[in-house]
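This is run-v6.cif. It holds mmCIF, C-alpha atoms (C1' of nucleotides).
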```cif
data_start
loop_
_atom_site.label_atom_id
_atom_site.label_comp_id
_atom_site.auth_asym_id
_atom_site.auth_seq_id
_atom_site.Cartn_x
_atom_site.Cartn_y
_atom_site.Cartn_z
CA MET A 15 120.40 76.68 159.13
CA ARG A 16 121.89 77.48 162.50
CA ILE A 17 123.83 75.11 164.68
CA GLY A 18 121.02 74.76 167.18
CA GLU A 19 118.61 73.51 164.56
CA LEU A 20 121.16 71.16 163.06
CA ALA A 21 121.92 69.77 166.49
CA GLU A 22 118.27 69.14 167.14
CA ARG A 23 117.53 67.60 163.77
CA THR A 24 120.50 65.24 163.92
CA ALA A 25 120.42 64.59 167.67
CA VAL A 26 124.09 65.50 167.78
CA SER A 27 125.36 68.02 170.31
CA GLU A 28 126.53 71.46 169.21
CA ARG A 29 129.82 70.61 170.79
CA SER A 30 130.24 67.69 168.46
CA LEU A 31 129.20 69.66 165.40
CA ARG A 32 131.89 72.25 166.11
CA TYR A 33 134.36 69.45 166.65
CA TYR A 34 133.43 67.91 163.31
CA GLU A 35 134.10 71.22 161.64
CA LYS A 36 137.49 71.53 163.26
CA GLN A 37 138.31 68.04 162.02
CA GLY A 38 137.35 69.06 158.51
CA LEU A 39 134.35 66.76 158.40
CA LEU A 40 131.74 69.46 158.11
CA TYR A 41 131.66 72.86 156.47
CA ALA A 42 129.56 75.86 157.39
CA ASP A 43 129.24 79.33 155.94
CA ARG A 44 129.40 82.17 158.36
CA THR A 45 127.08 85.07 158.96
CA PRO A 46 128.71 88.51 159.00
CA GLY A 47 128.87 88.16 162.76
CA GLY A 48 130.61 84.81 162.67
CA HIS A 49 127.75 82.43 163.39
CA ARG A 50 127.69 79.17 161.47
CA ASP A 51 125.17 78.78 158.68
CA TYR A 52 124.73 75.22 157.46
CA PRO A 53 123.28 74.14 154.14
CA GLU A 54 120.40 71.70 154.14
CA SER A 55 122.76 68.94 153.03
CA ALA A 56 124.57 69.14 156.35
CA VAL A 57 121.88 67.02 157.93
CA ASP A 58 122.66 64.04 155.76
CA ARG A 59 126.33 64.60 156.14
CA VAL A 60 126.16 64.54 159.92
CA VAL A 61 124.14 61.35 159.79
CA HIS A 62 126.82 59.78 157.62
CA ILE A 63 129.52 60.92 160.00
CA GLN A 64 127.73 59.44 162.96
CA GLU A 65 127.30 56.20 161.10
CA LEU A 66 131.01 55.93 160.51
CA PHE A 67 131.94 56.97 164.04
CA ALA A 68 129.61 54.30 165.32
CA ALA A 69 131.60 51.77 163.34
CA GLY A 70 134.81 52.88 165.00
CA LEU A 71 136.39 54.89 162.20
CA CYS A 72 138.40 57.89 163.31
CA SER A 73 138.03 61.43 161.98
CA ALA A 74 141.12 61.16 159.81
CA LYS A 75 139.68 58.22 157.90
CA ILE A 76 136.24 59.69 157.65
CA VAL A 77 137.48 62.97 156.27
CA GLN A 78 139.04 61.10 153.38
CA LEU A 79 136.17 58.75 152.91
CA LEU A 80 133.37 61.28 152.80
CA PRO A 81 134.10 62.76 149.37
CA CYS A 82 134.11 59.27 147.90
CA MET A 83 130.65 58.38 149.16
CA ARG A 84 127.66 58.89 146.96
CA ASP A 85 125.24 61.18 148.69
CA LYS A 86 121.50 60.87 148.46
CA ASP A 87 121.08 62.40 145.02
CA GLY A 88 124.41 62.52 143.21
CA GLY A 89 127.09 59.97 142.56
CA PRO A 90 130.42 60.05 144.35
CA SER A 91 132.22 63.29 143.71
CA GLU A 92 135.62 61.67 144.00
CA LYS A 93 137.11 58.27 143.47
CA ALA A 94 139.13 56.68 146.23
CA THR A 95 142.86 56.59 145.70
CA PRO A 96 144.56 53.19 145.75
CA TRP A 97 146.08 54.09 149.07
CA LEU A 98 142.70 54.93 150.53
CA VAL A 99 141.28 51.71 149.18
CA ASP A 100 143.94 49.85 151.12
CA GLU A 101 143.02 51.71 154.27
CA LEU A 102 139.36 51.05 153.80
CA THR A 103 139.98 47.40 153.11
CA ASP A 104 141.79 47.20 156.42
CA GLU A 105 138.90 48.90 158.13
CA ARG A 106 136.50 46.49 156.57
CA ALA A 107 138.55 43.58 157.87
CA ARG A 108 138.60 45.16 161.32
CA ILE A 109 134.84 45.51 161.18
CA ASP A 110 134.47 41.87 160.24
CA ARG A 111 136.63 40.87 163.15
CA GLN A 112 134.69 43.06 165.50
CA VAL A 113 131.37 41.67 164.36
CA ALA A 114 132.71 38.18 164.99
CA ASP A 115 133.83 39.21 168.47
CA LEU A 116 130.48 40.72 169.24
CA LEU A 117 128.56 37.69 168.09
CA ARG A 118 130.74 35.39 170.12
CA ALA A 119 130.17 37.46 173.24
CA ARG A 120 126.50 37.66 172.44
CA GLU A 121 126.36 33.91 172.46
CA VAL A 122 127.95 33.83 175.90
CA LEU A 123 125.51 36.37 177.28
CA ASN A 124 122.68 34.47 175.78
CA GLU A 125 123.75 31.26 177.47
CA VAL A 126 123.93 32.92 180.85
CA ILE A 127 120.58 34.61 180.39
CA THR A 128 118.97 31.41 179.24
CA ALA A 129 120.51 29.40 182.06
CA ALA A 130 119.18 31.86 184.61
CA THR A 131 115.69 32.37 183.25
CA GLY A 132 115.15 28.87 182.04
CA THR A 133 113.34 30.21 179.00
CA SER A 134 114.77 30.67 175.54
CA ARG A 135 113.21 34.09 175.25
CA MET B 11 152.51 29.53 186.43
CA ARG B 12 154.17 32.90 186.55
CA ILE B 13 152.83 36.10 185.06
CA GLY B 14 155.34 36.11 182.23
CA GLU B 15 154.23 32.73 181.00
CA LEU B 16 150.56 33.60 181.31
CA ALA B 17 151.14 36.80 179.39
CA GLU B 18 152.87 34.93 176.63
CA ARG B 19 150.32 32.14 176.39
CA THR B 20 147.38 34.52 176.29
CA ALA B 21 149.05 37.29 174.32
CA VAL B 22 147.93 39.72 177.00
CA SER B 23 150.41 42.10 178.57
CA GLU B 24 151.57 41.66 182.14
CA ARG B 25 150.25 45.12 182.78
CA SER B 26 146.78 44.04 181.78
CA LEU B 27 146.91 40.87 183.85
CA ARG B 28 147.75 42.85 186.95
CA TYR B 29 144.94 45.23 186.10
CA TYR B 30 142.50 42.33 185.75
CA GLU B 31 143.49 41.15 189.20
CA LYS B 32 142.94 44.56 190.73
CA GLN B 33 139.50 44.63 189.12
CA GLY B 34 138.71 41.28 190.68
CA LEU B 35 138.57 39.49 187.36
CA LEU B 36 141.50 37.18 187.96
CA TYR B 37 142.93 35.51 191.02
CA ALA B 38 146.50 34.43 191.66
CA ASP B 39 148.19 32.73 194.57
CA ARG B 40 151.39 34.28 195.79
CA THR B 41 154.81 32.82 196.37
CA PRO B 42 156.34 33.52 199.79
CA GLY B 43 158.12 36.42 198.16
CA GLY B 44 154.97 37.94 196.73
CA HIS B 45 155.16 36.84 193.10
CA ARG B 46 151.91 35.80 191.43
CA ASP B 47 151.35 32.11 190.80
CA TYR B 48 148.48 31.36 188.44
CA PRO B 49 146.61 28.07 188.16
CA GLU B 50 146.37 26.46 184.76
CA SER B 51 142.75 27.54 184.50
CA ALA B 52 143.82 31.16 184.38
CA VAL B 53 144.58 30.79 180.70
CA ASP B 54 140.99 30.07 179.81
CA ARG B 55 139.79 32.73 182.15
CA VAL B 56 141.91 35.39 180.55
CA VAL B 57 140.67 34.34 177.14
CA HIS B 58 137.09 34.73 178.35
CA ILE B 59 137.87 38.13 179.78
CA GLN B 60 139.39 39.30 176.52
CA GLU B 61 136.38 38.03 174.65
CA LEU B 62 134.07 40.12 176.76
CA PHE B 63 136.26 43.19 176.68
CA ALA B 64 136.31 42.89 172.91
CA ALA B 65 132.55 43.11 172.97
CA GLY B 66 132.63 46.33 174.93
CA LEU B 67 131.68 45.08 178.38
CA CYS B 68 133.33 46.86 181.27
CA SER B 69 135.15 45.23 184.17
CA ALA B 70 132.27 45.73 186.55
CA LYS B 71 129.92 43.73 184.34
CA ILE B 72 132.46 41.05 183.55
CA VAL B 73 133.29 40.48 187.19
CA GLN B 74 129.67 39.63 187.83
CA LEU B 75 129.23 37.65 184.69
CA LEU B 76 132.25 35.39 185.00
CA PRO B 77 130.99 33.17 187.84
CA CYS B 78 127.81 32.53 185.86
CA MET B 79 129.59 31.26 182.78
CA ARG B 80 130.19 27.58 182.35
CA ASP B 81 133.88 26.97 181.98
CA LYS B 82 135.32 24.34 179.73
CA ASP B 83 134.68 21.36 181.97
CA GLY B 84 132.13 22.23 184.62
CA GLY B 85 128.76 23.86 184.52
CA PRO B 86 128.17 27.38 185.75
CA SER B 87 129.12 27.72 189.38
CA GLU B 88 126.52 30.41 189.97
CA LYS B 89 123.22 31.43 188.54
CA ALA B 90 122.71 35.00 187.42
CA THR B 91 120.51 37.10 189.66
CA PRO B 92 117.42 38.68 188.11
CA TRP B 93 119.13 42.03 188.32
CA LEU B 94 122.15 40.75 186.48
CA VAL B 95 119.92 39.18 183.86
CA ASP B 96 118.44 42.61 183.23
CA GLU B 97 121.90 44.09 182.83
CA LEU B 98 122.98 41.36 180.48
CA THR B 99 119.84 41.70 178.45
CA ASP B 100 120.65 45.37 178.00
CA GLU B 101 124.16 44.49 176.96
CA ARG B 102 122.85 42.03 174.46
CA ALA B 103 120.61 44.69 172.98
CA ARG B 104 123.55 47.06 172.80
CA ILE B 105 125.57 44.41 171.02
CA ASP B 106 122.79 43.90 168.52
CA ARG B 107 122.66 47.60 167.84
CA GLN B 108 126.40 47.77 167.44
CA VAL B 109 126.46 44.87 165.01
CA ALA B 110 123.81 46.62 162.95
CA ASP B 111 125.89 49.81 162.97
CA LEU B 112 128.98 47.94 161.91
CA LEU B 113 127.25 46.17 159.07
CA ARG B 114 125.76 49.42 157.81
CA ALA B 115 129.16 51.06 157.77
CA ARG B 116 130.66 47.97 156.21
CA GLU B 117 128.24 48.35 153.37
CA VAL B 118 129.32 51.94 152.83
CA LEU B 119 133.00 51.00 152.81
CA ASN B 120 132.28 48.23 150.41
CA GLU B 121 130.55 50.55 148.00
CA VAL B 122 133.46 52.94 147.99
CA ILE B 123 135.97 50.16 147.54
CA THR B 124 133.99 48.61 144.76
CA ALA B 125 133.47 51.93 143.01
CA ALA B 126 137.20 52.63 143.09
CA THR B 127 138.48 49.22 142.05
CA GLY B 128 135.71 48.38 139.65
CA THR B 129 135.79 44.80 140.82
CA SER B 130 133.54 43.16 143.36
CA ARG B 131 136.50 41.53 145.04
"C1'" DG C 15 176.92 34.09 197.47
"C1'" DT C 16 176.26 36.46 193.34
"C1'" DA C 17 174.65 38.07 188.92
"C1'" DG C 18 171.08 38.67 185.81
"C1'" DA C 19 166.43 37.75 184.67
"C1'" DA C 20 161.86 38.28 186.20
"C1'" DG C 21 158.51 40.25 189.21
"C1'" DC C 22 156.55 43.83 192.39
"C1'" DT C 23 154.12 48.49 193.25
"C1'" DG C 24 152.88 53.00 192.11
"C1'" DA C 25 152.49 56.76 189.16
"C1'" DC C 26 151.80 59.27 184.95
"C1'" DA C 27 150.40 59.50 179.89
"C1'" DC C 28 147.55 58.44 176.13
"C1'" DT C 29 143.47 57.99 173.19
"C1'" DG C 30 139.54 60.69 170.87
"C1'" DG C 31 135.06 61.95 170.90
"C1'" DT C 32 132.13 64.28 174.12
"C1'" DG C 33 130.34 67.14 178.36
"C1'" DT C 34 130.61 71.34 180.47
"C1'" DC C 35 131.76 75.89 181.96
"C1'" DA C 36 133.23 80.84 181.47
"C1'" DG C 37 133.24 85.06 179.39
"C1'" DA C 38 132.38 87.67 175.33
"C1'" DT C 39 129.66 88.58 171.05
"C1'" DT C 40 125.77 88.35 167.84
"C1'" DC C 41 121.08 87.81 166.54
"C1'" DA C 42 116.18 88.80 166.48
"C1'" DA C 43 112.08 90.56 168.34
"C1'" DG C 44 109.71 94.04 171.10
"C1'" DC D 24 117.65 100.77 171.83
"C1'" DT D 25 117.17 97.06 174.68
"C1'" DT D 26 116.93 92.59 176.20
"C1'" DG D 27 117.05 87.70 176.31
"C1'" DA D 28 118.17 83.75 173.57
"C1'" DA D 29 121.56 81.84 170.74
"C1'" DT D 30 126.22 81.44 169.32
"C1'" DC D 31 131.16 82.10 169.56
"C1'" DT D 32 136.02 80.47 171.29
"C1'" DG D 33 139.01 78.27 174.37
"C1'" DA D 34 140.03 75.40 178.09
"C1'" DC D 35 139.68 71.57 181.23
"C1'" DA D 36 137.69 66.92 182.51
"C1'" DC D 37 136.21 62.33 181.55
"C1'" DC D 38 136.30 57.31 180.37
"C1'" DA D 39 138.79 52.71 180.91
"C1'" DG D 40 141.96 49.85 179.36
"C1'" DT D 41 146.73 49.91 178.17
"C1'" DG D 42 151.84 51.46 177.63
"C1'" DT D 43 155.74 52.74 179.99
"C1'" DC D 44 159.07 54.08 183.37
"C1'" DA D 45 161.37 54.13 188.01
"C1'" DG D 46 163.03 52.05 191.96
"C1'" DC D 47 163.10 48.08 194.59
"C1'" DT D 48 162.69 42.94 195.63
"C1'" DT D 49 162.66 38.08 194.50
"C1'" DC D 50 163.89 34.16 192.04
"C1'" DT D 51 167.03 30.94 189.77
"C1'" DA D 52 171.10 29.03 188.12
"C1'" DC D 53 175.87 29.00 188.42
#
```
Mind turning this structure into structure tokens?
Amino acid sequence: MRIGELAERTAVSERSLRYYEKQGLLYADRTPGGHRDYPESAVDRVVHIQELFAAGLCSAKIVQLLPCMRDKDGGPSEKATPWLVDELTDERARIDRQVADLLRAREVLNEVITAATGTSR
Amino acid sequence: MRIGELAERTAVSERSLRYYEKQGLLYADRTPGGHRDYPESAVDRVVHIQELFAAGLCSAKIVQLLPCMRDKDGGPSEKATPWLVDELTDERARIDRQVADLLRAREVLNEVITAATGTSR
DNA sequence: GTAGAAGCTGACACTGGTGTCAGATTCAAG
DNA sequence: CTTGAATCTGACACCAGTGTCAGCTTCTAC
């Protein structure tokens, strides 16, 4: 499929899709004229990438992580190296910390909202 | 107290403290020579600010939110305006979404880690 | 009064994914 | 063949908090 369709189906801009490719996160065949031609599986892959970006991982981590994830049908095509496991464990700890931060702030917001509205909505 | 002490006690750089002041988040008296002189309460305030930054709120939101928070001893010195309540409600929703994103990614990381180490540690 | 530590302001850089624009090329349908 | 839509590459800008440096002033203790 072409980049325009992929962008629409994943709700990710063409700009970002090209960026992902440059970062090695996404692969596309090329037409004789040089236009990108994505396999159907690219849709899932982009969704995964977005998921990990949303959690604050950087491209460099994601590019290593992706081959170790099991995709929809098959199992993982690679096993994480011990070094990568360390990295991912750190990331997981960071995520835990961030969730804690968010929930603490959420509590504060909630107090202010409740105090102002008088309701516990 | 002087900026150096506040920086040390809050583990926030002097650079950031000056930035907070410029954003209207933090107030300091001045010595005759122009050096900042913080009240004891600044410590708590900086902690609050960090908490909210950690949750992704921007200065503009925090500066409005701060006077509506109850500090350690007293109650809130101001009540949030309806408009602010709307803003904060949006922020709360954003936080909820972000927590969901983080937990989803955490699950993925966990799978990869588990698959590679074989243990559920 | 003097030396050294601490503070002041202002400016520039960085991050890293994304928006956007320009100018050229390719694709697909009439 | 032609034409308009789609795609290509490359470059520059942005955000917003923080790091860092330069050059000068103030404070503090001797």
Give me the chain A side of the contact with chain C, cut-off 8 Å, one line per residue showing its nearest atom pair and distance in Å at one decimal, counting only C-alpha atoms (C1' of nucleotides), sorted by chain and residue number, as CSV.
```
residue,atom,partner,partner_atom,distance
A:Arg29,CA,C:DT32,C1',7.5
A:Ser30,CA,C:DT32,C1',6.9
A:Gly47,CA,C:DT40,C1',6.0
A:Gly48,CA,C:DT40,C1',7.9
A:His49,CA,C:DT40,C1',7.7
```
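From atom CA of Leu116 of chain A back to atom CA of Ala65 of chain B, the distance works out to 4.9 Å.
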What lies within 10 Å of segment 98-107 of chain A using all atoms listed in the file, ignoring chain neighbours under 5 positions off, as number ranges by chain?
A: 69-71, 75-76, 78-79, 82, 93, 112-113; B: 112-113, 115-120, 122-127
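In chain A, the set of residues within 12 Å of chain D (atoms considered: all atoms listed in the file) is Arg16, Ile17, Gly18, Glu19, Glu28, Arg29, Arg32, Arg44, Thr45, Gly47, Gly48, His49, Arg50 and Asp51 of chain A.
For the pair atom CA of Val73 of chain B and atom CA of Ala21 of chain B, the interatomic distance is 20.6 Å.
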With a distance cut-off of 7 Å and all atoms listed in the file, select the neighbouring residues of Met11 of chain B, excluding the residue or stretch itself and same-chain residues fewer than 5 positions from it, and output the selection as a JSON list (two decimals) with C-alpha atoms, in the frame of the given file.
```
[["chain", "number", "residue", "atom", "x", "y", "z"],
["B", 16, "LEU", "CA", 150.56, 33.60, 181.31],
["B", 47, "ASP", "CA", 151.35, 32.11, 190.80],
["B", 48, "TYR", "CA", 148.48, 31.36, 188.44],
["B", 49, "PRO", "CA", 146.61, 28.07, 188.16]]
```
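What separates atom CA of Leu66 of chain A from atom CA of Glu61 of chain B is a distance of 23.4 Å.
Here the question is which of A:Ala94, A:Ser27, A:Arg108, A:Ala74 gets nearest to chain B using only C-alpha atoms, and that residue is A:Ala94.
Shortest atom-to-atom contact with chain B among A:Trp97, A:Tyr41, A:Gly132, A:Ile109: A:Ile109, counting all atoms listed in the file.
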Please write the residues picked by the PyMOL selection byres ((chain B and resi 54) around 12) on this file as a PyMOL selection string.
chain B and resi 16+19-20+36+48-53+55-61+76+79-83
